[in-house]
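Data block for upload.txt (compact mmCIF, N, CA and C atoms):
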# COMPACT_ATOMS: atom_id res chain seq x y z
N LYS A 1 -2.59 -3.18 23.94
CA LYS A 1 -2.10 -1.85 24.25
C LYS A 1 -2.20 -0.90 23.07
N TYR A 2 -2.26 -1.41 21.85
CA TYR A 2 -2.21 -0.56 20.67
C TYR A 2 -3.47 -0.70 19.83
N ASP A 3 -3.91 0.40 19.26
CA ASP A 3 -5.05 0.37 18.35
C ASP A 3 -4.64 -0.13 16.97
N ILE A 4 -3.49 0.35 16.51
CA ILE A 4 -3.00 -0.01 15.18
C ILE A 4 -1.51 -0.27 15.25
N VAL A 5 -1.08 -1.34 14.61
CA VAL A 5 0.34 -1.64 14.47
C VAL A 5 0.60 -1.82 12.98
N LEU A 6 1.55 -1.07 12.45
CA LEU A 6 1.92 -1.20 11.04
C LEU A 6 3.17 -2.07 10.93
N ILE A 7 3.12 -3.02 10.02
CA ILE A 7 4.27 -3.89 9.77
C ILE A 7 4.64 -3.72 8.31
N ASP A 8 5.82 -3.19 8.06
CA ASP A 8 6.29 -2.95 6.70
C ASP A 8 7.19 -4.12 6.30
N VAL A 9 6.80 -4.82 5.25
CA VAL A 9 7.56 -5.99 4.82
C VAL A 9 7.87 -5.88 3.33
N PRO A 10 8.84 -6.66 2.85
CA PRO A 10 9.14 -6.65 1.42
C PRO A 10 7.98 -7.23 0.61
N PRO A 11 7.89 -6.84 -0.65
CA PRO A 11 6.76 -7.29 -1.48
C PRO A 11 6.96 -8.69 -2.06
N ARG A 12 7.49 -9.56 -1.28
CA ARG A 12 7.63 -10.96 -1.70
C ARG A 12 7.41 -11.83 -0.47
N LEU A 13 7.07 -13.06 -0.71
CA LEU A 13 6.68 -13.93 0.40
C LEU A 13 7.88 -14.56 1.09
N THR A 14 8.60 -13.73 1.81
CA THR A 14 9.68 -14.23 2.65
C THR A 14 9.05 -14.76 3.94
N THR A 15 9.85 -15.41 4.75
CA THR A 15 9.35 -15.90 6.04
C THR A 15 8.81 -14.75 6.88
N GLY A 16 9.52 -13.63 6.88
CA GLY A 16 9.06 -12.46 7.64
C GLY A 16 7.73 -11.93 7.12
N THR A 17 7.57 -11.90 5.81
CA THR A 17 6.32 -11.42 5.23
C THR A 17 5.18 -12.35 5.58
N ILE A 18 5.39 -13.64 5.48
CA ILE A 18 4.35 -14.62 5.82
C ILE A 18 3.96 -14.49 7.29
N ASN A 19 4.95 -14.34 8.16
CA ASN A 19 4.65 -14.16 9.59
C ASN A 19 3.85 -12.88 9.82
N ALA A 20 4.22 -11.80 9.12
CA ALA A 20 3.49 -10.54 9.27
C ALA A 20 2.05 -10.69 8.78
N LEU A 21 1.85 -11.38 7.66
CA LEU A 21 0.49 -11.59 7.15
C LEU A 21 -0.33 -12.44 8.10
N CYS A 22 0.30 -13.41 8.73
CA CYS A 22 -0.42 -14.25 9.70
C CYS A 22 -0.81 -13.46 10.95
N ALA A 23 -0.01 -12.47 11.32
CA ALA A 23 -0.28 -11.67 12.51
C ALA A 23 -1.18 -10.48 12.23
N SER A 24 -1.54 -10.27 10.98
CA SER A 24 -2.27 -9.07 10.58
C SER A 24 -3.77 -9.31 10.43
N THR A 25 -4.49 -8.21 10.46
CA THR A 25 -5.91 -8.26 10.15
C THR A 25 -6.19 -7.66 8.78
N HIS A 26 -5.32 -6.73 8.34
CA HIS A 26 -5.52 -6.02 7.08
C HIS A 26 -4.19 -5.83 6.36
N VAL A 27 -4.27 -5.73 5.03
CA VAL A 27 -3.08 -5.53 4.22
C VAL A 27 -3.31 -4.32 3.32
N LEU A 28 -2.33 -3.46 3.28
CA LEU A 28 -2.30 -2.32 2.37
C LEU A 28 -1.07 -2.51 1.50
N ILE A 29 -1.25 -2.43 0.19
CA ILE A 29 -0.14 -2.70 -0.72
C ILE A 29 0.34 -1.40 -1.35
N PRO A 30 1.52 -0.94 -0.95
CA PRO A 30 2.07 0.26 -1.57
C PRO A 30 2.82 -0.10 -2.84
N THR A 31 2.69 0.73 -3.87
CA THR A 31 3.46 0.49 -5.09
C THR A 31 3.63 1.79 -5.85
N ILE A 32 4.67 1.84 -6.63
CA ILE A 32 4.89 2.95 -7.54
C ILE A 32 4.08 2.64 -8.79
N PHE A 33 3.41 3.63 -9.34
CA PHE A 33 2.62 3.41 -10.54
C PHE A 33 3.49 3.59 -11.77
N ASN A 34 4.25 2.54 -12.06
CA ASN A 34 4.95 2.41 -13.33
C ASN A 34 4.90 0.93 -13.69
N PRO A 35 5.06 0.59 -14.96
CA PRO A 35 4.88 -0.81 -15.36
C PRO A 35 5.78 -1.79 -14.61
N LEU A 36 7.01 -1.42 -14.33
CA LEU A 36 7.93 -2.34 -13.64
C LEU A 36 7.45 -2.66 -12.23
N ALA A 37 7.03 -1.66 -11.49
CA ALA A 37 6.57 -1.87 -10.11
C ALA A 37 5.15 -2.41 -10.04
N ALA A 38 4.32 -2.07 -11.03
CA ALA A 38 2.92 -2.49 -11.01
C ALA A 38 2.76 -3.97 -11.35
N GLU A 39 3.63 -4.48 -12.17
CA GLU A 39 3.50 -5.87 -12.64
C GLU A 39 3.47 -6.90 -11.51
N PRO A 40 4.33 -6.83 -10.50
CA PRO A 40 4.32 -7.86 -9.44
C PRO A 40 3.14 -7.78 -8.47
N VAL A 41 2.36 -6.70 -8.50
CA VAL A 41 1.25 -6.54 -7.56
C VAL A 41 0.28 -7.72 -7.65
N GLU A 42 -0.09 -8.10 -8.86
CA GLU A 42 -1.04 -9.20 -9.03
C GLU A 42 -0.48 -10.50 -8.47
N ASN A 43 0.76 -10.81 -8.78
CA ASN A 43 1.36 -12.06 -8.27
C ASN A 43 1.43 -12.07 -6.75
N PHE A 44 1.79 -10.93 -6.17
CA PHE A 44 1.87 -10.86 -4.71
C PHE A 44 0.51 -11.09 -4.07
N ILE A 45 -0.52 -10.44 -4.60
CA ILE A 45 -1.86 -10.59 -4.02
C ILE A 45 -2.35 -12.02 -4.19
N ARG A 46 -2.19 -12.58 -5.37
CA ARG A 46 -2.65 -13.96 -5.61
C ARG A 46 -1.96 -14.95 -4.67
N ALA A 47 -0.64 -14.86 -4.60
CA ALA A 47 0.11 -15.79 -3.75
C ALA A 47 -0.24 -15.58 -2.27
N SER A 48 -0.37 -14.33 -1.87
CA SER A 48 -0.71 -14.04 -0.47
C SER A 48 -2.10 -14.55 -0.13
N LYS A 49 -3.06 -14.31 -1.01
CA LYS A 49 -4.43 -14.76 -0.75
C LYS A 49 -4.49 -16.29 -0.68
N ARG A 50 -3.80 -16.95 -1.59
CA ARG A 50 -3.80 -18.42 -1.61
C ARG A 50 -3.24 -18.97 -0.30
N LEU A 51 -2.13 -18.39 0.14
CA LEU A 51 -1.50 -18.85 1.37
C LEU A 51 -2.35 -18.49 2.60
N MET A 52 -2.87 -17.28 2.62
CA MET A 52 -3.62 -16.82 3.78
C MET A 52 -5.01 -17.45 3.87
N ASP A 53 -5.53 -17.97 2.77
CA ASP A 53 -6.80 -18.71 2.86
C ASP A 53 -6.66 -19.88 3.82
N ARG A 54 -5.45 -20.41 3.94
CA ARG A 54 -5.19 -21.52 4.87
C ARG A 54 -4.70 -21.03 6.23
N LEU A 55 -3.81 -20.02 6.22
CA LEU A 55 -3.15 -19.62 7.46
C LEU A 55 -3.86 -18.51 8.23
N ASN A 56 -4.53 -17.60 7.52
CA ASN A 56 -5.19 -16.48 8.16
C ASN A 56 -6.38 -16.06 7.30
N PRO A 57 -7.44 -16.87 7.29
CA PRO A 57 -8.56 -16.62 6.38
C PRO A 57 -9.32 -15.32 6.63
N LYS A 58 -9.13 -14.69 7.78
CA LYS A 58 -9.83 -13.43 8.05
C LYS A 58 -9.05 -12.21 7.56
N LEU A 59 -7.88 -12.41 6.99
CA LEU A 59 -7.07 -11.31 6.49
C LEU A 59 -7.81 -10.58 5.37
N THR A 60 -7.84 -9.26 5.46
CA THR A 60 -8.54 -8.43 4.48
C THR A 60 -7.53 -7.54 3.75
N PHE A 61 -7.64 -7.50 2.45
CA PHE A 61 -6.81 -6.62 1.64
C PHE A 61 -7.56 -5.30 1.48
N LEU A 62 -6.99 -4.22 2.02
CA LEU A 62 -7.64 -2.92 2.00
C LEU A 62 -7.53 -2.24 0.64
N GLY A 63 -6.44 -2.45 -0.04
CA GLY A 63 -6.26 -1.82 -1.34
C GLY A 63 -4.81 -1.55 -1.65
N VAL A 64 -4.62 -0.85 -2.76
CA VAL A 64 -3.29 -0.48 -3.23
C VAL A 64 -3.15 1.03 -3.08
N VAL A 65 -2.03 1.46 -2.53
CA VAL A 65 -1.76 2.89 -2.37
C VAL A 65 -0.55 3.25 -3.23
N GLU A 66 -0.70 4.31 -4.01
CA GLU A 66 0.40 4.77 -4.85
C GLU A 66 1.42 5.49 -3.99
N THR A 67 2.70 5.16 -4.20
CA THR A 67 3.78 5.79 -3.47
C THR A 67 4.74 6.45 -4.45
N MET A 68 5.56 7.30 -3.93
CA MET A 68 6.57 8.03 -4.72
C MET A 68 5.95 8.72 -5.93
N ILE A 69 4.81 9.37 -5.70
CA ILE A 69 4.11 10.08 -6.76
C ILE A 69 4.96 11.28 -7.18
N PRO A 70 5.33 11.35 -8.46
CA PRO A 70 6.14 12.49 -8.91
C PRO A 70 5.30 13.76 -9.00
N PRO A 71 5.95 14.90 -9.14
CA PRO A 71 5.19 16.14 -9.34
C PRO A 71 4.26 16.01 -10.54
N SER A 72 3.17 16.76 -10.52
CA SER A 72 2.12 16.60 -11.54
C SER A 72 2.61 16.83 -12.96
N ASN A 73 3.70 17.53 -13.13
CA ASN A 73 4.20 17.79 -14.48
C ASN A 73 5.21 16.73 -14.95
N GLN A 74 5.33 15.63 -14.22
CA GLN A 74 6.30 14.59 -14.58
C GLN A 74 5.65 13.22 -14.64
N GLY A 75 5.99 12.47 -15.67
CA GLY A 75 5.65 11.06 -15.74
C GLY A 75 4.18 10.70 -15.81
N ALA A 76 3.34 11.57 -16.33
CA ALA A 76 1.90 11.30 -16.35
C ALA A 76 1.57 10.04 -17.16
N ASP A 77 2.21 9.85 -18.30
CA ASP A 77 1.92 8.68 -19.13
C ASP A 77 2.34 7.38 -18.45
N VAL A 78 3.51 7.39 -17.85
CA VAL A 78 4.00 6.20 -17.15
C VAL A 78 3.11 5.87 -15.96
N ARG A 79 2.72 6.90 -15.21
CA ARG A 79 1.82 6.69 -14.06
C ARG A 79 0.48 6.13 -14.51
N ALA A 80 -0.04 6.68 -15.60
CA ALA A 80 -1.34 6.21 -16.11
C ALA A 80 -1.25 4.75 -16.52
N GLU A 81 -0.16 4.36 -17.16
CA GLU A 81 0.02 2.96 -17.56
C GLU A 81 0.14 2.06 -16.34
N GLY A 82 0.91 2.48 -15.35
CA GLY A 82 1.04 1.69 -14.12
C GLY A 82 -0.29 1.56 -13.40
N ARG A 83 -1.04 2.63 -13.33
CA ARG A 83 -2.35 2.60 -12.68
C ARG A 83 -3.29 1.66 -13.42
N ARG A 84 -3.28 1.73 -14.75
CA ARG A 84 -4.13 0.85 -15.56
C ARG A 84 -3.77 -0.60 -15.30
N MET A 85 -2.48 -0.91 -15.26
CA MET A 85 -2.04 -2.29 -15.01
C MET A 85 -2.52 -2.79 -13.65
N VAL A 86 -2.38 -1.95 -12.62
CA VAL A 86 -2.82 -2.34 -11.28
C VAL A 86 -4.34 -2.53 -11.25
N ALA A 87 -5.08 -1.59 -11.84
CA ALA A 87 -6.55 -1.68 -11.85
C ALA A 87 -7.02 -2.94 -12.56
N GLU A 88 -6.41 -3.26 -13.69
CA GLU A 88 -6.80 -4.48 -14.41
C GLU A 88 -6.47 -5.73 -13.60
N ALA A 89 -5.32 -5.72 -12.95
CA ALA A 89 -4.93 -6.86 -12.11
C ALA A 89 -5.92 -7.05 -10.96
N LEU A 90 -6.31 -5.96 -10.34
CA LEU A 90 -7.26 -6.04 -9.23
C LEU A 90 -8.61 -6.58 -9.69
N GLN A 91 -9.04 -6.18 -10.88
CA GLN A 91 -10.31 -6.69 -11.41
C GLN A 91 -10.23 -8.19 -11.69
N ARG A 92 -9.06 -8.66 -12.15
CA ARG A 92 -8.90 -10.10 -12.41
C ARG A 92 -8.91 -10.89 -11.10
N ILE A 93 -8.33 -10.33 -10.06
CA ILE A 93 -8.23 -11.04 -8.79
C ILE A 93 -9.57 -11.00 -8.05
N THR A 94 -10.01 -9.80 -7.74
CA THR A 94 -11.27 -9.59 -7.03
C THR A 94 -11.61 -8.11 -7.06
N PRO A 95 -12.82 -7.78 -7.37
CA PRO A 95 -13.20 -6.36 -7.41
C PRO A 95 -13.33 -5.70 -6.04
N THR A 96 -13.14 -6.45 -4.97
CA THR A 96 -13.24 -5.85 -3.64
C THR A 96 -11.96 -5.13 -3.23
N ILE A 97 -10.86 -5.37 -3.92
CA ILE A 97 -9.62 -4.66 -3.65
C ILE A 97 -9.54 -3.52 -4.67
N ASP A 98 -9.29 -2.30 -4.18
CA ASP A 98 -9.23 -1.20 -5.12
C ASP A 98 -8.00 -0.32 -4.87
N ILE A 99 -7.87 0.69 -5.69
CA ILE A 99 -6.78 1.65 -5.57
C ILE A 99 -7.28 2.79 -4.69
N LEU A 100 -6.53 3.12 -3.66
CA LEU A 100 -6.92 4.21 -2.78
C LEU A 100 -6.78 5.55 -3.50
N THR A 101 -7.60 6.49 -3.11
CA THR A 101 -7.58 7.82 -3.71
C THR A 101 -6.34 8.59 -3.30
N ASN A 102 -5.96 8.48 -2.04
CA ASN A 102 -4.80 9.19 -1.52
C ASN A 102 -3.54 8.36 -1.73
N GLY A 103 -2.44 9.06 -1.88
CA GLY A 103 -1.16 8.39 -2.04
C GLY A 103 -0.07 9.19 -1.35
N VAL A 104 1.16 8.75 -1.55
CA VAL A 104 2.31 9.40 -0.91
C VAL A 104 3.22 9.94 -2.01
N PRO A 105 3.39 11.26 -2.06
CA PRO A 105 4.23 11.84 -3.11
C PRO A 105 5.71 11.59 -2.88
N ARG A 106 6.45 11.76 -3.95
CA ARG A 106 7.91 11.69 -3.86
C ARG A 106 8.37 13.04 -3.34
N LYS A 107 8.89 13.05 -2.13
CA LYS A 107 9.40 14.28 -1.52
C LYS A 107 10.65 13.92 -0.75
N SER A 108 11.70 14.65 -0.98
CA SER A 108 12.95 14.35 -0.28
C SER A 108 12.78 14.50 1.22
N SER A 109 11.92 15.42 1.66
CA SER A 109 11.76 15.63 3.10
C SER A 109 11.09 14.45 3.79
N LEU A 110 10.38 13.60 3.03
CA LEU A 110 9.74 12.44 3.65
C LEU A 110 10.76 11.43 4.13
N GLY A 111 11.87 11.32 3.43
CA GLY A 111 12.86 10.31 3.78
C GLY A 111 13.88 10.77 4.79
N GLU A 112 13.84 12.03 5.20
CA GLU A 112 14.81 12.51 6.17
C GLU A 112 14.48 11.92 7.54
N GLY A 113 15.49 11.63 8.30
CA GLY A 113 15.26 11.06 9.63
C GLY A 113 15.60 9.58 9.62
N ASP A 114 15.78 9.04 10.78
CA ASP A 114 16.24 7.66 10.91
C ASP A 114 15.17 6.63 10.60
N ILE A 115 13.91 6.99 10.74
CA ILE A 115 12.87 5.98 10.52
C ILE A 115 11.95 6.39 9.38
N GLY A 116 12.56 6.88 8.31
CA GLY A 116 11.83 7.14 7.08
C GLY A 116 10.74 8.17 7.24
N TYR A 117 9.55 7.82 6.80
CA TYR A 117 8.43 8.75 6.77
C TYR A 117 7.92 9.11 8.15
N LEU A 118 8.03 8.21 9.09
CA LEU A 118 7.35 8.40 10.36
C LEU A 118 7.94 9.53 11.19
N LEU A 119 9.25 9.66 11.20
CA LEU A 119 9.87 10.68 12.02
C LEU A 119 9.48 12.09 11.58
N PRO A 120 9.60 12.45 10.29
CA PRO A 120 9.18 13.81 9.91
C PRO A 120 7.69 14.04 10.16
N ALA A 121 6.87 13.03 9.95
CA ALA A 121 5.43 13.20 10.18
C ALA A 121 5.17 13.44 11.67
N ALA A 122 5.85 12.69 12.51
CA ALA A 122 5.64 12.81 13.95
C ALA A 122 6.21 14.12 14.49
N GLU A 123 7.26 14.63 13.83
CA GLU A 123 7.88 15.85 14.33
C GLU A 123 7.12 17.11 13.94
N GLY A 124 6.05 16.96 13.20
CA GLY A 124 5.18 18.10 13.01
C GLY A 124 5.27 18.82 11.70
N GLY A 125 5.92 18.26 10.68
CA GLY A 125 5.90 18.90 9.38
C GLY A 125 4.47 18.95 8.88
N THR A 126 3.91 20.14 8.76
CA THR A 126 2.50 20.29 8.43
C THR A 126 2.14 19.63 7.12
N GLN A 127 2.93 19.84 6.08
CA GLN A 127 2.63 19.26 4.77
C GLN A 127 2.71 17.74 4.82
N ILE A 128 3.70 17.22 5.49
CA ILE A 128 3.87 15.77 5.59
C ILE A 128 2.74 15.17 6.43
N ARG A 129 2.42 15.82 7.52
CA ARG A 129 1.34 15.33 8.37
C ARG A 129 0.02 15.31 7.60
N GLN A 130 -0.21 16.31 6.78
CA GLN A 130 -1.44 16.39 5.98
C GLN A 130 -1.53 15.20 5.01
N ILE A 131 -0.41 14.83 4.40
CA ILE A 131 -0.39 13.69 3.48
C ILE A 131 -0.84 12.42 4.20
N PHE A 132 -0.25 12.18 5.36
CA PHE A 132 -0.55 10.94 6.08
C PHE A 132 -1.90 11.00 6.80
N ASP A 133 -2.33 12.19 7.20
CA ASP A 133 -3.67 12.31 7.78
C ASP A 133 -4.73 11.96 6.74
N SER A 134 -4.56 12.44 5.51
CA SER A 134 -5.52 12.14 4.43
C SER A 134 -5.54 10.65 4.12
N LEU A 135 -4.37 10.06 4.00
CA LEU A 135 -4.28 8.63 3.73
C LEU A 135 -4.87 7.84 4.89
N GLY A 136 -4.53 8.23 6.11
CA GLY A 136 -5.07 7.55 7.29
C GLY A 136 -6.58 7.63 7.38
N ALA A 137 -7.14 8.79 7.05
CA ALA A 137 -8.60 8.95 7.08
C ALA A 137 -9.27 8.04 6.06
N GLU A 138 -8.67 7.92 4.88
CA GLU A 138 -9.24 7.03 3.87
C GLU A 138 -9.18 5.58 4.32
N ILE A 139 -8.07 5.19 4.89
CA ILE A 139 -7.93 3.81 5.39
C ILE A 139 -8.93 3.57 6.52
N TRP A 140 -9.06 4.52 7.43
CA TRP A 140 -9.99 4.39 8.55
C TRP A 140 -11.42 4.21 8.04
N ASP A 141 -11.79 4.97 7.01
CA ASP A 141 -13.13 4.83 6.41
C ASP A 141 -13.35 3.44 5.85
N LYS A 142 -12.31 2.86 5.26
CA LYS A 142 -12.44 1.51 4.70
C LYS A 142 -12.60 0.47 5.81
N LEU A 143 -12.04 0.74 6.97
CA LEU A 143 -12.13 -0.21 8.09
C LEU A 143 -13.50 -0.22 8.74
N ARG A 144 -14.26 0.82 8.58
CA ARG A 144 -15.59 0.89 9.21
C ARG A 144 -16.62 0.18 8.42
As structure tokens, how would this structure be written, given the file I've shared?
Amino acid sequence: KYDIVLIDVPPRLTTGTINALCASTHVLIPTIFNPLAAEPVENFIRASKRLMDRLNPKLTFLGVVETMIPPSNQGADVRAEGRRMVAEALQRITPTIDILTNGVPRKSSLGEGDIGYLLPAAEGGTQIRQIFDSLGAEIWDKLR
């Protein structure tokens, strides 16, 4: 009945996460580009790939998407360090996983509503819809 189903799970291999990975065809890894958040990305991908090689060998990792991007005048050095850490980790794991060009900025209006980002986007906020349309188009291009 559905073309796409998104399953949002914690960034650790809980039973729910493992079940979601087994039921999935593709994985998108959201992370904040700072050293604290970027560090676990490599471990998550390695552990997930190792487990999914047995349980769901057709699972494809689409890439890493930056989330909670601060305004351009804030945190440039920290973001650059986080991005570098993620890029180096991806090269160590496999060069087929990359960092997506589009990301999700830190905006208070994104979190308003009962279901996080989806409600404001669905209700027609032009700026919010544009963010997710751009990200969705990039993901769609990777799927083709």
If DSSP is run on the backbone, what residues of stretch 36-89 of chain A are alpha helix (DSSP H)? A reply as a tab-separated table (two decimals) with N, CA and C atoms, in the frame of the given file would be ideal.
chain	number	residue	atom	x	y	z
A	36	LEU	N	7.01	-1.42	-14.33
A	36	LEU	CA	7.93	-2.34	-13.64
A	36	LEU	C	7.45	-2.66	-12.23
A	37	ALA	N	7.03	-1.66	-11.49
A	37	ALA	CA	6.57	-1.87	-10.11
A	37	ALA	C	5.15	-2.41	-10.04
A	38	ALA	N	4.32	-2.07	-11.03
A	38	ALA	CA	2.92	-2.49	-11.01
A	38	ALA	C	2.76	-3.97	-11.35
A	39	GLU	N	3.63	-4.48	-12.17
A	39	GLU	CA	3.50	-5.87	-12.64
A	39	GLU	C	3.47	-6.90	-11.51
A	40	PRO	N	4.33	-6.83	-10.50
A	40	PRO	CA	4.32	-7.86	-9.44
A	40	PRO	C	3.14	-7.78	-8.47
A	41	VAL	N	2.36	-6.70	-8.50
A	41	VAL	CA	1.25	-6.54	-7.56
A	41	VAL	C	0.28	-7.72	-7.65
A	42	GLU	N	-0.09	-8.10	-8.86
A	42	GLU	CA	-1.04	-9.20	-9.03
A	42	GLU	C	-0.48	-10.50	-8.47
A	43	ASN	N	0.76	-10.81	-8.78
A	43	ASN	CA	1.36	-12.06	-8.27
A	43	ASN	C	1.43	-12.07	-6.75
A	44	PHE	N	1.79	-10.93	-6.17
A	44	PHE	CA	1.87	-10.86	-4.71
A	44	PHE	C	0.51	-11.09	-4.07
A	45	ILE	N	-0.52	-10.44	-4.60
A	45	ILE	CA	-1.86	-10.59	-4.02
A	45	ILE	C	-2.35	-12.02	-4.19
A	46	ARG	N	-2.19	-12.58	-5.37
A	46	ARG	CA	-2.65	-13.96	-5.61
A	46	ARG	C	-1.96	-14.95	-4.67
A	47	ALA	N	-0.64	-14.86	-4.60
A	47	ALA	CA	0.11	-15.79	-3.75
A	47	ALA	C	-0.24	-15.58	-2.27
A	48	SER	N	-0.37	-14.33	-1.87
A	48	SER	CA	-0.71	-14.04	-0.47
A	48	SER	C	-2.10	-14.55	-0.13
A	49	LYS	N	-3.06	-14.31	-1.01
A	49	LYS	CA	-4.43	-14.76	-0.75
A	49	LYS	C	-4.49	-16.29	-0.68
A	50	ARG	N	-3.80	-16.95	-1.59
A	50	ARG	CA	-3.80	-18.42	-1.61
A	50	ARG	C	-3.24	-18.97	-0.30
A	51	LEU	N	-2.13	-18.39	0.14
A	51	LEU	CA	-1.50	-18.85	1.37
A	51	LEU	C	-2.35	-18.49	2.60
A	52	MET	N	-2.87	-17.28	2.62
A	52	MET	CA	-3.62	-16.82	3.78
A	52	MET	C	-5.01	-17.45	3.87
A	53	ASP	N	-5.53	-17.97	2.77
A	53	ASP	CA	-6.80	-18.71	2.86
A	53	ASP	C	-6.66	-19.88	3.82
A	54	ARG	N	-5.45	-20.41	3.94
A	54	ARG	CA	-5.19	-21.52	4.87
A	54	ARG	C	-4.70	-21.03	6.23
A	55	LEU	N	-3.81	-20.02	6.22
A	55	LEU	CA	-3.15	-19.62	7.46
A	55	LEU	C	-3.86	-18.51	8.23
A	76	ALA	N	3.34	11.57	-16.33
A	76	ALA	CA	1.90	11.30	-16.35
A	76	ALA	C	1.57	10.04	-17.16
A	77	ASP	N	2.21	9.85	-18.30
A	77	ASP	CA	1.92	8.68	-19.13
A	77	ASP	C	2.34	7.38	-18.45
A	78	VAL	N	3.51	7.39	-17.85
A	78	VAL	CA	4.00	6.20	-17.15
A	78	VAL	C	3.11	5.87	-15.96
A	79	ARG	N	2.72	6.90	-15.21
A	79	ARG	CA	1.82	6.69	-14.06
A	79	ARG	C	0.48	6.13	-14.51
A	80	ALA	N	-0.04	6.68	-15.60
A	80	ALA	CA	-1.34	6.21	-16.11
A	80	ALA	C	-1.25	4.75	-16.52
A	81	GLU	N	-0.16	4.36	-17.16
A	81	GLU	CA	0.02	2.96	-17.56
A	81	GLU	C	0.14	2.06	-16.34
A	82	GLY	N	0.91	2.48	-15.35
A	82	GLY	CA	1.04	1.69	-14.12
A	82	GLY	C	-0.29	1.56	-13.40
A	83	ARG	N	-1.04	2.63	-13.33
A	83	ARG	CA	-2.35	2.60	-12.68
A	83	ARG	C	-3.29	1.66	-13.42
A	84	ARG	N	-3.28	1.73	-14.75
A	84	ARG	CA	-4.13	0.85	-15.56
A	84	ARG	C	-3.77	-0.60	-15.30
A	85	MET	N	-2.48	-0.91	-15.26
A	85	MET	CA	-2.04	-2.29	-15.01
A	85	MET	C	-2.52	-2.79	-13.65
A	86	VAL	N	-2.38	-1.95	-12.62
A	86	VAL	CA	-2.82	-2.34	-11.28
A	86	VAL	C	-4.34	-2.53	-11.25
A	87	ALA	N	-5.08	-1.59	-11.84
A	87	ALA	CA	-6.55	-1.68	-11.85
A	87	ALA	C	-7.02	-2.94	-12.56
A	88	GLU	N	-6.41	-3.26	-13.69
A	88	GLU	CA	-6.80	-4.48	-14.41
A	88	GLU	C	-6.47	-5.73	-13.60
A	89	ALA	N	-5.32	-5.72	-12.95
A	89	ALA	CA	-4.93	-6.86	-12.11
A	89	ALA	C	-5.92	-7.05	-10.96
TODO: Take atom CA of A:Ala89 and atom C of A:Pro57 and report the distance between them in Å, one decimal.
DONE: 21.0 Å
Open item on the list: Using only N, CA and C atoms, list the residues that have an atom at most 5 Å from (-4.5, -6.6, -8.4), coordinates as in the file, as an MDAnalysis selection string.
Closed with: chainID A and resid 41:42 86 89:90
Task: Residue set, chain A restricted to strand (DSSP E or B), as number ranges by chain - done: A: 26-31, 60-69, 99, 104-105
For the contact check between stretch 4-74 of chain A and stretch 104-107 of chain A, emit one row per residue of stretch 4-74 of chain A within 12 Å, containing the shortest atom pair and the distance in Å rounded to one decimal, counting only C-alpha atoms, chain then rising number order, as JSON lines.
{"residue": "A:Pro30", "atom": "CA", "partner": "A:Val104", "partner_atom": "CA", "distance": 9.2}
{"residue": "A:Thr31", "atom": "CA", "partner": "A:Val104", "partner_atom": "CA", "distance": 9.9}
{"residue": "A:Ile32", "atom": "CA", "partner": "A:Val104", "partner_atom": "CA", "distance": 9.6}
{"residue": "A:Phe33", "atom": "CA", "partner": "A:Val104", "partner_atom": "CA", "distance": 11.3}
{"residue": "A:Val64", "atom": "CA", "partner": "A:Val104", "partner_atom": "CA", "distance": 11.6}
{"residue": "A:Val65", "atom": "CA", "partner": "A:Val104", "partner_atom": "CA", "distance": 7.8}
{"residue": "A:Glu66", "atom": "CA", "partner": "A:Val104", "partner_atom": "CA", "distance": 6.4}
{"residue": "A:Thr67", "atom": "CA", "partner": "A:Val104", "partner_atom": "CA", "distance": 4.7}
{"residue": "A:Met68", "atom": "CA", "partner": "A:Arg106", "partner_atom": "CA", "distance": 4.0}
{"residue": "A:Ile69", "atom": "CA", "partner": "A:Pro105", "partner_atom": "CA", "distance": 4.1}
{"residue": "A:Pro70", "atom": "CA", "partner": "A:Arg106", "partner_atom": "CA", "distance": 5.4}
{"residue": "A:Pro71", "atom": "CA", "partner": "A:Arg106", "partner_atom": "CA", "distance": 7.6}
{"residue": "A:Ser72", "atom": "CA", "partner": "A:Pro105", "partner_atom": "CA", "distance": 9.9}
{"residue": "A:Gln74", "atom": "CA", "partner": "A:Arg106", "partner_atom": "CA", "distance": 11.2}
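Put simply, atom CA of A:Ile4 is 20.3 Å away from atom CA of A:Met52.
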- [ ] Record the distance separating atom C of A:Ile18 and atom N of A:Ser48, expressed in Å with one decimal.
- [x] 10.1 Å
Listed atoms of stretch 2-11 of chain A boxed along x, y and z, 6 Å each side, centre and edge lengths in Å, one decimal, as lines of an AutoDock Vina configuration file:
center_x = 2.0
center_y = -4.1
center_z = 9.9
size_x = 26.2
size_y = 21.1
size_z = 35.9
- [ ] Dump as a ChimeraX atom specification all residues having an atom at most 10 Å from (-2.6, -1.8, 7.1), computed in the file's coordinates with only C-alpha atoms.
- [x] /A:4-8,24-29,60-63,136,139-140,143
Task: A:Ala87 surroundings by all atoms listed in the file, 7 Å radius, close-in-sequence under 5 positions cut, as a PyMOL selection string - done: chain A and resi 82+92+99
Open item on the list: At a cut-off of 9 Å, using only C-alpha atoms, what residues contact A:Pro35? Leave out same-chain residues fewer than 5 positions from it and give the result as a list of chain:residue names.
Closed with: A:Val78, A:Arg79, A:Glu81, A:Gly82, A:Arg83, A:Met85, A:Val86
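Nearest residue to A:Asp77 among A:Asn34, A:Asn56, A:Asn43, A:Gln130 is A:Asn34, counting only C-alpha atoms.
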